[in-house]
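Q: First the structure, then my questions, so here it is.
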Amino acid sequence: MSAAFVFPGQGSQAVGMGKALAATFACARAVFDEVDAALGDNLSTVMWEGPAERVTLTENAQPALVAVSLAAMRVLETEAGVSLARDAQFVAGHSVGEYSALAAAGALSLADAVRLVRIRGRAMQQAVPIGAGAMAALIGVEFEQAAAIAADAAQGEVVQAANDNGGGQVVVSGHKAAVERAVEIAKAKGVRRAMMLPVSAPFHSALMQPASDVMRDELAKVTIRPPTVPLVANVLAGPTSDPAQIACSLVDQVTGTVRWRESILFMAQQGVTTFYEVGSGKVLSGLVKRIAEGASGVSIGTPEDIAAYNVTRN
């Protein structure tokens with residue numbers, strides 16, 4: 001059995017995320033303490049006590065998701081004896097989850113990863129005035145159809161297929177009016193479901209170019225090491241272990257399409273049969289089952305999940 005470890009992105013955050021891990025495992029608590037110290041604030045308190053609006057705020061949600069993923073990964077290593085170098089064929093992360101994947105595989109330090117994603121979250125929020133951009137989910141479409149709908153809707157504005165999530169789910173992103181036109185065109189074409197998403201910015205669109213420029217500068221300041229196992233990068237949908245290419249892919253990812261469906265298919269074609277989703281929520285585990293026939297997705301984000309992992313391994 002070949003395995004990949006994958007890490008969730010924005011949308012998987014929730015009040016209370018990681019609290020049980022910290023209460024149960026000292027090594028997890030240490031990760032949250034390290035994150036708070038790196039950021040110079042009590043993010044863990046916000047994560048565990050809310051309110052939900054603060055947890056959902058992009059500049060908090062992104063480092064919070066990385067923190068929970070890396071706390072769960074630390075517990076797997078400490079309590080279950082997991083070694084990515086031995087137990088994983090690949091790592092991958094959905095959007096901001098790519099930073100979790102890189103830190104888990106030793107390419108980024110924990111402190112650098114959470115500082116980078118806080119900067120990323122703020123830069124993405126500031127790239128476009130509130131209300132000027134939007135995102136929408138198209139359900140029951142393939143990527144090519146969604147891209148064609150976006151092209152029809154653009155009419156001189158920006159709207160593009162931003163997330164190819166698989167399972168017939170594609171997210172489009174761009175100027176608010178253009179995204180609204182895309183929703184109407186999708187409905188007119190008989191797409192099963194088309195709905196605006198409650199997000200604060202048009203992520204993974206050309207409108208994010210200012211944030212991409214910020215991340216180019218910030219990534220140049222940190223050390224990226226070759227990961228212990230190859231990263232299947234969002235914008236490549238293929239493996240890389242080259243630090244320079246990893247840095248470029250993280251910059252390109254801000255404005256580029258998250259090619260999640262292709263990434264999962266690539267790993268499955270390389271023999272991966274089990275995808276461990278490490279961190280908050282179960283979104284990626286659900287997508288795996290719809291993308292790769294015969295593959296299983298296993299979410300690991302709670303003490304109970306750790307215990308179940310130990311049982312299945314032993």
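So you can find residues: chains in the structure tokens are A, B, ... in the order shown, residues in each start at 1, and ligands are numbered from 1 in order.
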Just want the 10 Å neighbourhood of Ala244 in chain A, counted on only C-alpha atoms, with same-chain residues fewer than 5 positions away dropped. Output as a list in words.

A: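 The neighbour list is Ala220, Ile224, Arg225, Pro226 and Ser249 of chain A.
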
Q: Kindly export the residues of the current selection with N, CA and C atoms, as a tab-separated table (two decimals), in the first residue's frame.

A:
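Writing the result to part_17.tsv gives the following:
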chain	number	residue	atom	x	y	z
A	220	ALA	N	11.76	34.93	-0.85
A	220	ALA	CA	13.19	35.11	-1.09
A	220	ALA	C	13.97	35.29	0.21
A	224	ILE	N	14.37	27.49	1.90
A	224	ILE	CA	13.56	26.33	1.51
A	224	ILE	C	14.52	25.19	1.22
A	225	ARG	N	14.32	24.09	1.91
A	225	ARG	CA	15.18	22.91	1.74
A	225	ARG	C	14.45	21.88	0.87
A	226	PRO	N	15.19	20.95	0.27
A	226	PRO	CA	14.50	19.87	-0.45
A	226	PRO	C	13.62	19.08	0.52
A	249	SER	N	6.60	28.01	-7.54
A	249	SER	CA	5.24	27.46	-7.57
A	249	SER	C	4.37	28.10	-6.49

Q: Per residue of range 59-82 of chain A within 12 Å of range 29-34 of chain A, record the nearest atom pair and its distance in Å to one decimal, counting only C-alpha atoms, with rows in chain order and ascending residue number, as a Markdown table.

A:
| residue | atom | partner | partner_atom | distance |
| --- | --- | --- | --- | --- |
| A:Pro63 | CA | A:Phe32 | CA | 10.5 |
| A:Ala64 | CA | A:Phe32 | CA | 9.1 |
| A:Leu65 | CA | A:Phe32 | CA | 11.2 |
| A:Val66 | CA | A:Phe32 | CA | 10.2 |
| A:Ala67 | CA | A:Phe32 | CA | 6.4 |
| A:Val68 | CA | A:Phe32 | CA | 7.9 |
| A:Ser69 | CA | A:Val31 | CA | 10.0 |
| A:Leu70 | CA | A:Val31 | CA | 7.3 |
| A:Ala71 | CA | A:Val31 | CA | 5.5 |
| A:Ala72 | CA | A:Val31 | CA | 9.3 |
| A:Met73 | CA | A:Val31 | CA | 10.0 |
| A:Arg74 | CA | A:Val31 | CA | 7.8 |
| A:Val75 | CA | A:Val31 | CA | 9.8 |

Q: Of the residues A:Ala22, A:Gly286, A:Gly40, A:Phe5, which is the one nearest to Val82 in chain A, using only C-alpha atoms?

A: A:Phe5

Q: Any idea what's packed within 10 Å of range 291-298 of chain A, counting only C-alpha atoms, ignoring anything in its chain fewer than 4 positions away? Could you give it as a short mmCIF file (atom, residue, chain, number, x, y, z; two decimals) with C-alpha atoms, in the first residue's frame?

A:
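The result, written out as result-v5.cif:
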data_model
loop_
_atom_site.label_atom_id
_atom_site.label_comp_id
_atom_site.auth_asym_id
_atom_site.auth_seq_id
_atom_site.Cartn_x
_atom_site.Cartn_y
_atom_site.Cartn_z
CA ALA A 3 0.34 6.50 0.78
CA ALA A 4 0.35 10.25 0.33
CA PHE A 5 -0.13 12.81 3.08
CA VAL A 6 -2.31 15.77 2.05
CA ASN A 165 -11.37 20.39 -6.99
CA GLY A 166 -12.57 17.25 -8.75
CA GLY A 167 -15.78 15.34 -8.39
CA GLY A 168 -17.46 17.79 -10.78
CA TRP A 260 -6.26 19.45 -7.18
CA ARG A 261 -8.08 16.92 -9.36
CA GLU A 262 -5.02 16.46 -11.56
CA SER A 263 -2.73 16.29 -8.52
CA ILE A 264 -4.74 13.46 -6.93
CA LEU A 265 -4.97 11.63 -10.25
CA PHE A 266 -1.21 11.92 -10.74
CA MET A 267 -0.51 10.42 -7.31
CA ALA A 268 -3.06 7.65 -7.87
CA GLN A 269 -1.43 6.84 -11.22
CA GLY A 271 0.38 3.86 -7.15
CA VAL A 272 -0.94 5.83 -4.19
CA THR A 273 -4.00 4.08 -2.80
CA THR A 274 -4.40 5.84 0.58
CA PHE A 275 -4.51 9.61 1.09
CA TYR A 276 -4.12 10.73 4.69
CA GLU A 277 -5.68 14.17 5.19
CA VAL A 278 -3.80 15.68 8.12
CA LYS A 282 -12.60 16.11 6.00
CA VAL A 283 -12.98 18.03 2.73
CA LEU A 284 -10.02 16.47 0.92
CA SER A 285 -10.87 12.92 2.02
CA GLY A 286 -14.29 13.33 0.43
CA LEU A 287 -12.80 14.65 -2.81
CA ASP A 305 -8.29 9.78 14.51
CA TYR A 309 -4.55 5.28 12.76
#

Q: I'd like to know which of A:Ser173, A:Val214, A:Ala194, A:Ala92 is closest to Leu236 in chain A, using only C-alpha atoms.

A: A:Ala92

Q: I'd like the interatomic distance between CA of Glu142 in chain A and CA of Thr257 in chain A, to a tenth of an Å.

A: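 Going from CA of Glu142 in chain A over to CA of Thr257 in chain A, I get 14.0 Å.
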
Q: Near range 157-162 of chain A, within 10 Å and counting only C-alpha atoms, which residues show up once chain neighbours fewer than 6 positions away are dropped, as a PyMOL selection string?

A: chain A and resi 133-138+143-151+170-182+202-207+253-259

Q: Generate a file of the selected residues that holds N, CA and C atoms, formatted as a short mmCIF file (atom, residue, chain, number, x, y, z; two decimals), in the first residue's frame.

A:
data_model
loop_
_atom_site.label_atom_id
_atom_site.label_comp_id
_atom_site.auth_asym_id
_atom_site.auth_seq_id
_atom_site.Cartn_x
_atom_site.Cartn_y
_atom_site.Cartn_z
N GLY A 133 -14.34 41.78 -5.53
CA GLY A 133 -14.11 40.45 -6.07
C GLY A 133 -15.05 39.43 -5.45
N ALA A 134 -15.09 38.25 -6.06
CA ALA A 134 -15.97 37.19 -5.55
C ALA A 134 -15.50 35.85 -6.08
N MET A 135 -16.07 34.78 -5.53
CA MET A 135 -15.85 33.43 -6.01
C MET A 135 -17.19 32.70 -6.04
N ALA A 136 -17.29 31.72 -6.91
CA ALA A 136 -18.52 30.91 -6.99
C ALA A 136 -18.15 29.47 -7.28
N ALA A 137 -18.95 28.56 -6.75
CA ALA A 137 -18.76 27.13 -6.99
C ALA A 137 -19.72 26.67 -8.06
N LEU A 138 -19.18 25.97 -9.05
CA LEU A 138 -20.00 25.34 -10.07
C LEU A 138 -19.96 23.84 -9.81
N PHE A 143 -13.66 20.70 -15.69
CA PHE A 143 -12.85 21.91 -15.71
C PHE A 143 -12.97 22.67 -17.02
N GLU A 144 -12.94 21.95 -18.13
CA GLU A 144 -12.98 22.62 -19.45
C GLU A 144 -14.28 23.40 -19.62
N GLN A 145 -15.41 22.83 -19.17
CA GLN A 145 -16.69 23.53 -19.28
C GLN A 145 -16.69 24.78 -18.40
N ALA A 146 -16.15 24.65 -17.20
CA ALA A 146 -16.10 25.79 -16.28
C ALA A 146 -15.22 26.91 -16.85
N ALA A 147 -14.10 26.53 -17.45
CA ALA A 147 -13.22 27.53 -18.05
C ALA A 147 -13.92 28.25 -19.20
N ALA A 148 -14.72 27.51 -19.98
CA ALA A 148 -15.47 28.12 -21.09
C ALA A 148 -16.54 29.07 -20.57
N ILE A 149 -17.20 28.69 -19.49
CA ILE A 149 -18.21 29.56 -18.88
C ILE A 149 -17.55 30.85 -18.38
N ALA A 150 -16.38 30.71 -17.75
CA ALA A 150 -15.65 31.89 -17.27
C ALA A 150 -15.27 32.81 -18.43
N ALA A 151 -14.82 32.22 -19.53
CA ALA A 151 -14.43 33.02 -20.70
C ALA A 151 -15.63 33.79 -21.24
N VAL A 170 -15.87 22.83 -9.61
CA VAL A 170 -14.88 23.83 -10.03
C VAL A 170 -15.29 25.17 -9.46
N VAL A 171 -14.33 25.91 -8.90
CA VAL A 171 -14.60 27.23 -8.35
C VAL A 171 -14.06 28.28 -9.32
N VAL A 172 -14.87 29.29 -9.61
CA VAL A 172 -14.42 30.40 -10.45
C VAL A 172 -14.23 31.63 -9.57
N SER A 173 -13.32 32.52 -10.01
CA SER A 173 -12.92 33.64 -9.17
C SER A 173 -12.60 34.85 -10.03
N GLY A 174 -12.89 36.06 -9.53
CA GLY A 174 -12.55 37.27 -10.27
C GLY A 174 -13.39 38.45 -9.83
N HIS A 175 -13.59 39.40 -10.74
CA HIS A 175 -14.44 40.55 -10.45
C HIS A 175 -15.86 40.08 -10.11
N LYS A 176 -16.48 40.73 -9.13
CA LYS A 176 -17.78 40.28 -8.62
C LYS A 176 -18.83 40.19 -9.74
N ALA A 177 -18.92 41.21 -10.55
CA ALA A 177 -19.95 41.20 -11.60
C ALA A 177 -19.70 40.08 -12.60
N ALA A 178 -18.44 39.83 -12.91
CA ALA A 178 -18.12 38.77 -13.87
C ALA A 178 -18.42 37.39 -13.28
N VAL A 179 -18.14 37.22 -12.00
CA VAL A 179 -18.45 35.94 -11.34
C VAL A 179 -19.96 35.74 -11.30
N GLU A 180 -20.70 36.81 -11.03
CA GLU A 180 -22.17 36.71 -11.04
C GLU A 180 -22.68 36.33 -12.43
N ARG A 181 -22.05 36.89 -13.47
CA ARG A 181 -22.43 36.50 -14.83
C ARG A 181 -22.13 35.03 -15.08
N ALA A 182 -21.02 34.56 -14.56
CA ALA A 182 -20.65 33.14 -14.73
C ALA A 182 -21.70 32.23 -14.09
N PRO A 202 -11.17 37.40 -4.14
CA PRO A 202 -11.16 36.51 -5.31
C PRO A 202 -9.84 35.73 -5.42
N PHE A 203 -9.68 34.74 -4.56
CA PHE A 203 -8.44 33.97 -4.49
C PHE A 203 -8.16 33.25 -5.82
N HIS A 204 -6.88 33.01 -6.08
CA HIS A 204 -6.44 32.25 -7.26
C HIS A 204 -6.97 32.83 -8.56
N SER A 205 -6.95 34.16 -8.63
CA SER A 205 -7.27 34.84 -9.88
C SER A 205 -6.21 35.88 -10.15
N ALA A 206 -6.21 36.42 -11.36
CA ALA A 206 -5.22 37.43 -11.74
C ALA A 206 -5.32 38.68 -10.87
N LEU A 207 -6.46 38.89 -10.21
CA LEU A 207 -6.63 40.04 -9.33
C LEU A 207 -5.73 39.95 -8.10
N GLN A 253 1.10 30.13 -7.42
CA GLN A 253 -0.13 29.58 -6.86
C GLN A 253 -1.11 30.67 -6.45
N VAL A 254 -0.62 31.85 -6.07
CA VAL A 254 -1.49 32.92 -5.58
C VAL A 254 -2.47 33.37 -6.66
N THR A 255 -2.02 33.42 -7.91
CA THR A 255 -2.88 33.84 -9.02
C THR A 255 -3.31 32.67 -9.90
N GLY A 256 -2.72 31.49 -9.68
CA GLY A 256 -2.95 30.36 -10.57
C GLY A 256 -4.01 29.39 -10.07
N THR A 257 -4.35 28.46 -10.93
CA THR A 257 -5.37 27.45 -10.62
C THR A 257 -4.81 26.39 -9.67
N VAL A 258 -5.60 26.06 -8.66
CA VAL A 258 -5.29 24.92 -7.80
C VAL A 258 -5.73 23.67 -8.56
N ARG A 259 -4.76 22.93 -9.09
CA ARG A 259 -5.06 21.77 -9.94
C ARG A 259 -5.17 20.50 -9.07
#

Q: Rounded to one decimal in Å, what is the spacing between CA of Gly18 in chain A and CA of Val311 in chain A?

A: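 Result for CA of Gly18 in chain A versus CA of Val311 in chain A: 21.2 Å, one decimal.
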
Q: If we count only C-alpha atoms, what is near Val15 in chain A at a cut-off of 10 Å, once residues fewer than 6 positions away on the same chain are taken out, given as a ChimeraX atom specification?

A: /A:45-56

Q: Could you please determine the separation between CA of Ala107 in chain A and CA of Gly301 in chain A in Å, to one decimal place?

A: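 Computing the Euclidean distance for CA of Ala107 in chain A and CA of Gly301 in chain A yields 21.7 Å.
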
Q: Which residues are near range 117-123 of chain A? Cut-off 10 Å, only C-alpha atoms, ignore same chain within fewer than 5 positions. Put them as a PyMOL selection string.

A: chain A and resi 39+57-66+96-97+99-100+112+128+208-215+218+254

Q: Can you check which residues of range 66-215 of chain A DSSP gives as strand (DSSP E) on the backbone and send them as number ranges by chain?

A: A: 90-93, 133-139, 159-166, 169-175, 193-196

Q: Counting only C-alpha atoms, figure out which residue out of A:Val199, A:Ala111, A:Ile139, A:Cys248 gets nearest to Gln10 in chain A.

A: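 Among the listed residues, A:Val199 lies closest to Gln10 in chain A.
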
Q: Could you name the residues that touch His94 in chain A at 7 Å or less, counting only C-alpha atoms, but leaving out those on the same chain fewer than 4 positions away, as a list in words?

A: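 The residues that qualify are Phe7, Pro8, Gly9, Glu98 and Trp260 of chain A.
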
Q: Just list the residues in range 110-279 of chain A DSSP gives alpha helix (DSSP H) on the backbone, as a PDB file with C-alpha atoms, in the first residue's frame.

A:
ATOM      1  CA  LEU A 110       7.285  25.736  11.332  1.00  0.00           C
ATOM      2  CA  ALA A 111       7.963  29.378  12.255  1.00  0.00           C
ATOM      3  CA  ASP A 112       8.662  30.384   8.655  1.00  0.00           C
ATOM      4  CA  ALA A 113       5.568  28.545   7.396  1.00  0.00           C
ATOM      5  CA  VAL A 114       3.123  30.288   9.742  1.00  0.00           C
ATOM      6  CA  ARG A 115       4.745  33.705   9.318  1.00  0.00           C
ATOM      7  CA  LEU A 116       4.586  33.326   5.537  1.00  0.00           C
ATOM      8  CA  VAL A 117       0.927  32.346   5.510  1.00  0.00           C
ATOM      9  CA  ARG A 118      -0.040  35.207   7.819  1.00  0.00           C
ATOM     10  CA  ILE A 119       1.647  37.592   5.376  1.00  0.00           C
ATOM     11  CA  ARG A 120      -0.017  35.714   2.500  1.00  0.00           C
ATOM     12  CA  GLY A 121      -3.447  36.004   4.101  1.00  0.00           C
ATOM     13  CA  ARG A 122      -3.088  39.743   4.703  1.00  0.00           C
ATOM     14  CA  ALA A 123      -1.687  40.357   1.217  1.00  0.00           C
ATOM     15  CA  MET A 124      -4.511  38.409  -0.418  1.00  0.00           C
ATOM     16  CA  GLN A 125      -7.102  40.334   1.591  1.00  0.00           C
ATOM     17  CA  GLN A 126      -5.533  43.692   0.717  1.00  0.00           C
ATOM     18  CA  PHE A 143     -12.845  21.911 -15.706  1.00  0.00           C
ATOM     19  CA  GLU A 144     -12.982  22.618 -19.445  1.00  0.00           C
ATOM     20  CA  GLN A 145     -16.687  23.531 -19.280  1.00  0.00           C
ATOM     21  CA  ALA A 146     -16.100  25.793 -16.282  1.00  0.00           C
ATOM     22  CA  ALA A 147     -13.216  27.530 -18.053  1.00  0.00           C
ATOM     23  CA  ALA A 148     -15.466  28.119 -21.094  1.00  0.00           C
ATOM     24  CA  ILE A 149     -18.211  29.562 -18.879  1.00  0.00           C
ATOM     25  CA  ALA A 150     -15.652  31.889 -17.269  1.00  0.00           C
ATOM     26  CA  ALA A 151     -14.429  33.019 -20.698  1.00  0.00           C
ATOM     27  CA  ASP A 152     -18.012  33.799 -21.754  1.00  0.00           C
ATOM     28  CA  ALA A 153     -18.633  35.729 -18.546  1.00  0.00           C
ATOM     29  CA  ALA A 154     -15.479  37.848 -18.580  1.00  0.00           C
ATOM     30  CA  LYS A 176     -17.777  40.279  -8.621  1.00  0.00           C
ATOM     31  CA  ALA A 177     -19.946  41.200 -11.602  1.00  0.00           C
ATOM     32  CA  ALA A 178     -18.116  38.767 -13.867  1.00  0.00           C
ATOM     33  CA  VAL A 179     -18.450  35.945 -11.340  1.00  0.00           C
ATOM     34  CA  GLU A 180     -22.171  36.706 -11.035  1.00  0.00           C
ATOM     35  CA  ARG A 181     -22.435  36.503 -14.832  1.00  0.00           C
ATOM     36  CA  ALA A 182     -20.649  33.144 -14.729  1.00  0.00           C
ATOM     37  CA  VAL A 183     -23.234  31.841 -12.248  1.00  0.00           C
ATOM     38  CA  GLU A 184     -26.099  32.929 -14.516  1.00  0.00           C
ATOM     39  CA  ILE A 185     -24.454  31.453 -17.624  1.00  0.00           C
ATOM     40  CA  ALA A 186     -23.840  28.174 -15.753  1.00  0.00           C
ATOM     41  CA  LYS A 187     -27.504  27.997 -14.718  1.00  0.00           C
ATOM     42  CA  ALA A 188     -28.605  28.727 -18.286  1.00  0.00           C
ATOM     43  CA  GLN A 209      -1.177  39.766  -8.527  1.00  0.00           C
ATOM     44  CA  PRO A 210      -0.254  42.284  -5.773  1.00  0.00           C
ATOM     45  CA  ALA A 211      -0.269  39.409  -3.242  1.00  0.00           C
ATOM     46  CA  SER A 212       1.805  37.274  -5.601  1.00  0.00           C
ATOM     47  CA  ASP A 213       4.416  40.061  -5.722  1.00  0.00           C
ATOM     48  CA  VAL A 214       4.463  40.236  -1.911  1.00  0.00           C
ATOM     49  CA  MET A 215       5.014  36.485  -1.636  1.00  0.00           C
ATOM     50  CA  ARG A 216       7.851  36.574  -4.187  1.00  0.00           C
ATOM     51  CA  ASP A 217       9.671  39.044  -1.934  1.00  0.00           C
ATOM     52  CA  GLU A 218       8.880  37.183   1.294  1.00  0.00           C
ATOM     53  CA  LEU A 219       9.824  33.726  -0.022  1.00  0.00           C
ATOM     54  CA  PRO A 243      13.714  24.511  -3.641  1.00  0.00           C
ATOM     55  CA  ALA A 244      13.838  27.109  -6.423  1.00  0.00           C
ATOM     56  CA  GLN A 245      10.942  25.489  -8.265  1.00  0.00           C
ATOM     57  CA  ILE A 246       8.994  25.160  -5.006  1.00  0.00           C
ATOM     58  CA  ALA A 247       9.412  28.898  -4.341  1.00  0.00           C
ATOM     59  CA  CYS A 248       8.249  29.740  -7.870  1.00  0.00           C
ATOM     60  CA  SER A 249       5.237  27.459  -7.569  1.00  0.00           C
ATOM     61  CA  LEU A 250       4.210  29.103  -4.268  1.00  0.00           C
ATOM     62  CA  VAL A 251       4.347  32.515  -5.969  1.00  0.00           C
ATOM     63  CA  ASP A 252       2.452  31.315  -9.048  1.00  0.00           C
ATOM     64  CA  GLN A 253      -0.135  29.585  -6.859  1.00  0.00           C
ATOM     65  CA  VAL A 254      -1.491  32.920  -5.576  1.00  0.00           C
ATOM     66  CA  THR A 255      -2.882  33.840  -9.016  1.00  0.00           C
ATOM     67  CA  TRP A 260      -6.256  19.451  -7.182  1.00  0.00           C
ATOM     68  CA  ARG A 261      -8.077  16.923  -9.362  1.00  0.00           C
ATOM     69  CA  GLU A 262      -5.017  16.457 -11.562  1.00  0.00           C
ATOM     70  CA  SER A 263      -2.733  16.287  -8.517  1.00  0.00           C
ATOM     71  CA  ILE A 264      -4.744  13.464  -6.931  1.00  0.00           C
ATOM     72  CA  LEU A 265      -4.974  11.630 -10.249  1.00  0.00           C
ATOM     73  CA  PHE A 266      -1.213  11.920 -10.739  1.00  0.00           C
ATOM     74  CA  MET A 267      -0.514  10.421  -7.314  1.00  0.00           C
ATOM     75  CA  ALA A 268      -3.058   7.649  -7.872  1.00  0.00           C
ATOM     76  CA  GLN A 269      -1.434   6.835 -11.222  1.00  0.00           C
TER      77      GLN A 269
END

Q: From the options A:Thr312, A:Ser2, A:Ser280, A:Ser109, which residue's atoms come nearest to Pro227 in chain A, counting only C-alpha atoms?

A: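 Closest to Pro227 in chain A of all the choices is A:Ser109.
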
Q: Counting only C-alpha atoms, which residue out of A:Gly156, A:Pro129, A:Arg192, A:Leu102 sits closest to Phe90 in chain A?

A: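 That would be A:Leu102, the residue with the smallest distance to Phe90 in chain A.
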